[in-house]
Amino acid sequence: MRIGVDLGGTKIEVVALSDNGDELFRKRVATPREYNLTLEAIEALVNEAELQLGQKGSVGVGIPGVISPFSGLVKNANSTWINGHALDTDLAKRLDREVKVANDANCFAVSEAVDGAAAGKTVVFGVIIGTGCGAGIAINGKVHGGGNGIGGEWGHNPLPWMTAEEFNSTSCFCGNKDCIETFISGTGFVRDYQLAGGRATNGAEIVSLMQEGDALATAAFERYIDRLARSLAHVINVLDPDIIVLGGGVSNISAIYSLLPDVLPRYVLGGECRTPVVQNMYGSASGVRGAAWL
């Protein structure tokens, strides 16, 4: 049995999977915004799953950050109370077993690579696009974290092939300007539309207006597709993954999958690109499933 834990800023979710991927148990609780209480909540969820199922399992945890390969401590987590702590070691002591910890976007990529939309593919680039955006890499169904622990941190690179109007136009929470995240996240999509004079307040409204033929919404979405294509072409030119899987709220916009393939070749070296870009299979459950597969 495999137990996965998704440690988010607002909720902690646990899932138990059989060795063939069948879901045996699932529960979520609110995330305590304090380190020791977070450890206690994870321990309690794992114990409850094992008590109910009558068996012990391996444990993997997805976090919105990474374990530094140098210090062994959590870094870059927006759940700031876990930063600077040896989360994997502390949980291992509480649960009396090894606990594997990985970035939540990497868990997403692993989930989709093992038995999701990218099953059977060797190199998978998994992208989560919601309020922000992030990505992870899975190779042969396993996390590729890299020597610095930041493999897949694609959203905090500059938008490729910036126009004069785009250059130096956005600021990111990471401290840099013009990060991919500031353009292609759901937040960035709405920001761009509103700067052009639109009044809709979320991506779903903009897409609905586009479907009704609204010119402002249509133009904003065309800019969005072009920026997404540039951002993914940059990855294809470096990594050339077998498949790209999209997750997060923005991945539910069906028009992406029909329009993007025609734009990608403009930016991929050689002008040819048949890299599949597909929607995830497991939705919001993909991260916690990936943690279980760690």
# chains A, B, ... in the order shown; residues from 1 in each chain; ligands from 1
>>> select_by_dssp(residues="segment 60-208 of chain A", states="strand (DSSP E or B)", output="PyMOL selection string")
chain A and resi 60-63+66-67+74-75+99-103+123-129+133-139+142-143+158+171+177+179
>>> residues_around(residues="segment 139-153 of chain A", least_positions_apart="2", cutoff="10 Å", atoms="only C-alpha atoms", output="MDAnalysis selection string")
chainID A and resid 65:70 75:76 102:103 105:115 118:127 133:137 155:157 235 241:242 290 293:294
>>> closest_residue(among="A:Ala233, A:Val59, A:Ala117, A:Leu39", to="Met1 of chain A", atoms="only C-alpha atoms")
A:Val59
>>> closest_residue(among="A:Val190, A:Val5, A:Ala229, A:Ala285", to="Ile244 of chain A", atoms="only C-alpha atoms")
A:Ala229
>>> closest_residue(among="A:Leu91, A:Leu269, A:Ile236, A:Ile42", to="Trp154 of chain A", atoms="only C-alpha atoms")
A:Ile236
>>> closest_residue(among="A:Asn168, A:Ser231, A:Gln211, A:Ser79", to="Glu181 of chain A", atoms="only C-alpha atoms")
A:Ser231
>>> closest_residue(among="A:Gly186, A:Ala200, A:Lys93, A:Val245", to="Ala138 of chain A", atoms="only C-alpha atoms")
A:Val245
>>> residues_around(residues="Arg274 of chain A", least_positions_apart="4", cutoff="9 Å", atoms="only C-alpha atoms", output="PyMOL selection string")
chain A and resi 261+264-265
>>> select_by_dssp(residues="segment 34-77 of chain A", states="alpha helix (DSSP H)", output="MDAnalysis selection string")
chainID A and resid 35:53
>>> residues_around(residues="Ala41 of chain A", least_positions_apart="5", cutoff="9 Å", atoms="only C-alpha atoms", output="list in words")
Ile12, Val29, Ala30, Thr31, Pro32, Asn36 and Val46 of chain A
>>> atom_distance(atom1="atom CA of Phe183 of chain A", atom2="atom CA of Gly247 of chain A")
16.5 Å
>>> closest_residue(among="A:Glu50, A:Ser18, A:Ser286, A:Ile82", to="Tyr35 of chain A", atoms="only C-alpha atoms")
A:Ile82
>>> residues_around(residues="segment 161-167 of chain A", least_positions_apart="4", cutoff="12 Å", atoms="only C-alpha atoms", output="NGL selection string")
:A and (157 or 171 or 177-180 or 182-183 or 192 or 223 or 226-234 or 266-268)
>>> atom_distance(atom1="atom CA of Gly188 of chain A", atom2="atom CA of Tyr224 of chain A")
8.9 Å
>>> residues_around(residues="Ser251 of chain A", least_positions_apart="3", cutoff="12 Å", atoms="only C-alpha atoms", output="VMD selection string")
chain A and resid 126 to 131 133 184 to 186 203 to 204 228 244 to 248 254 to 257 277 to 284
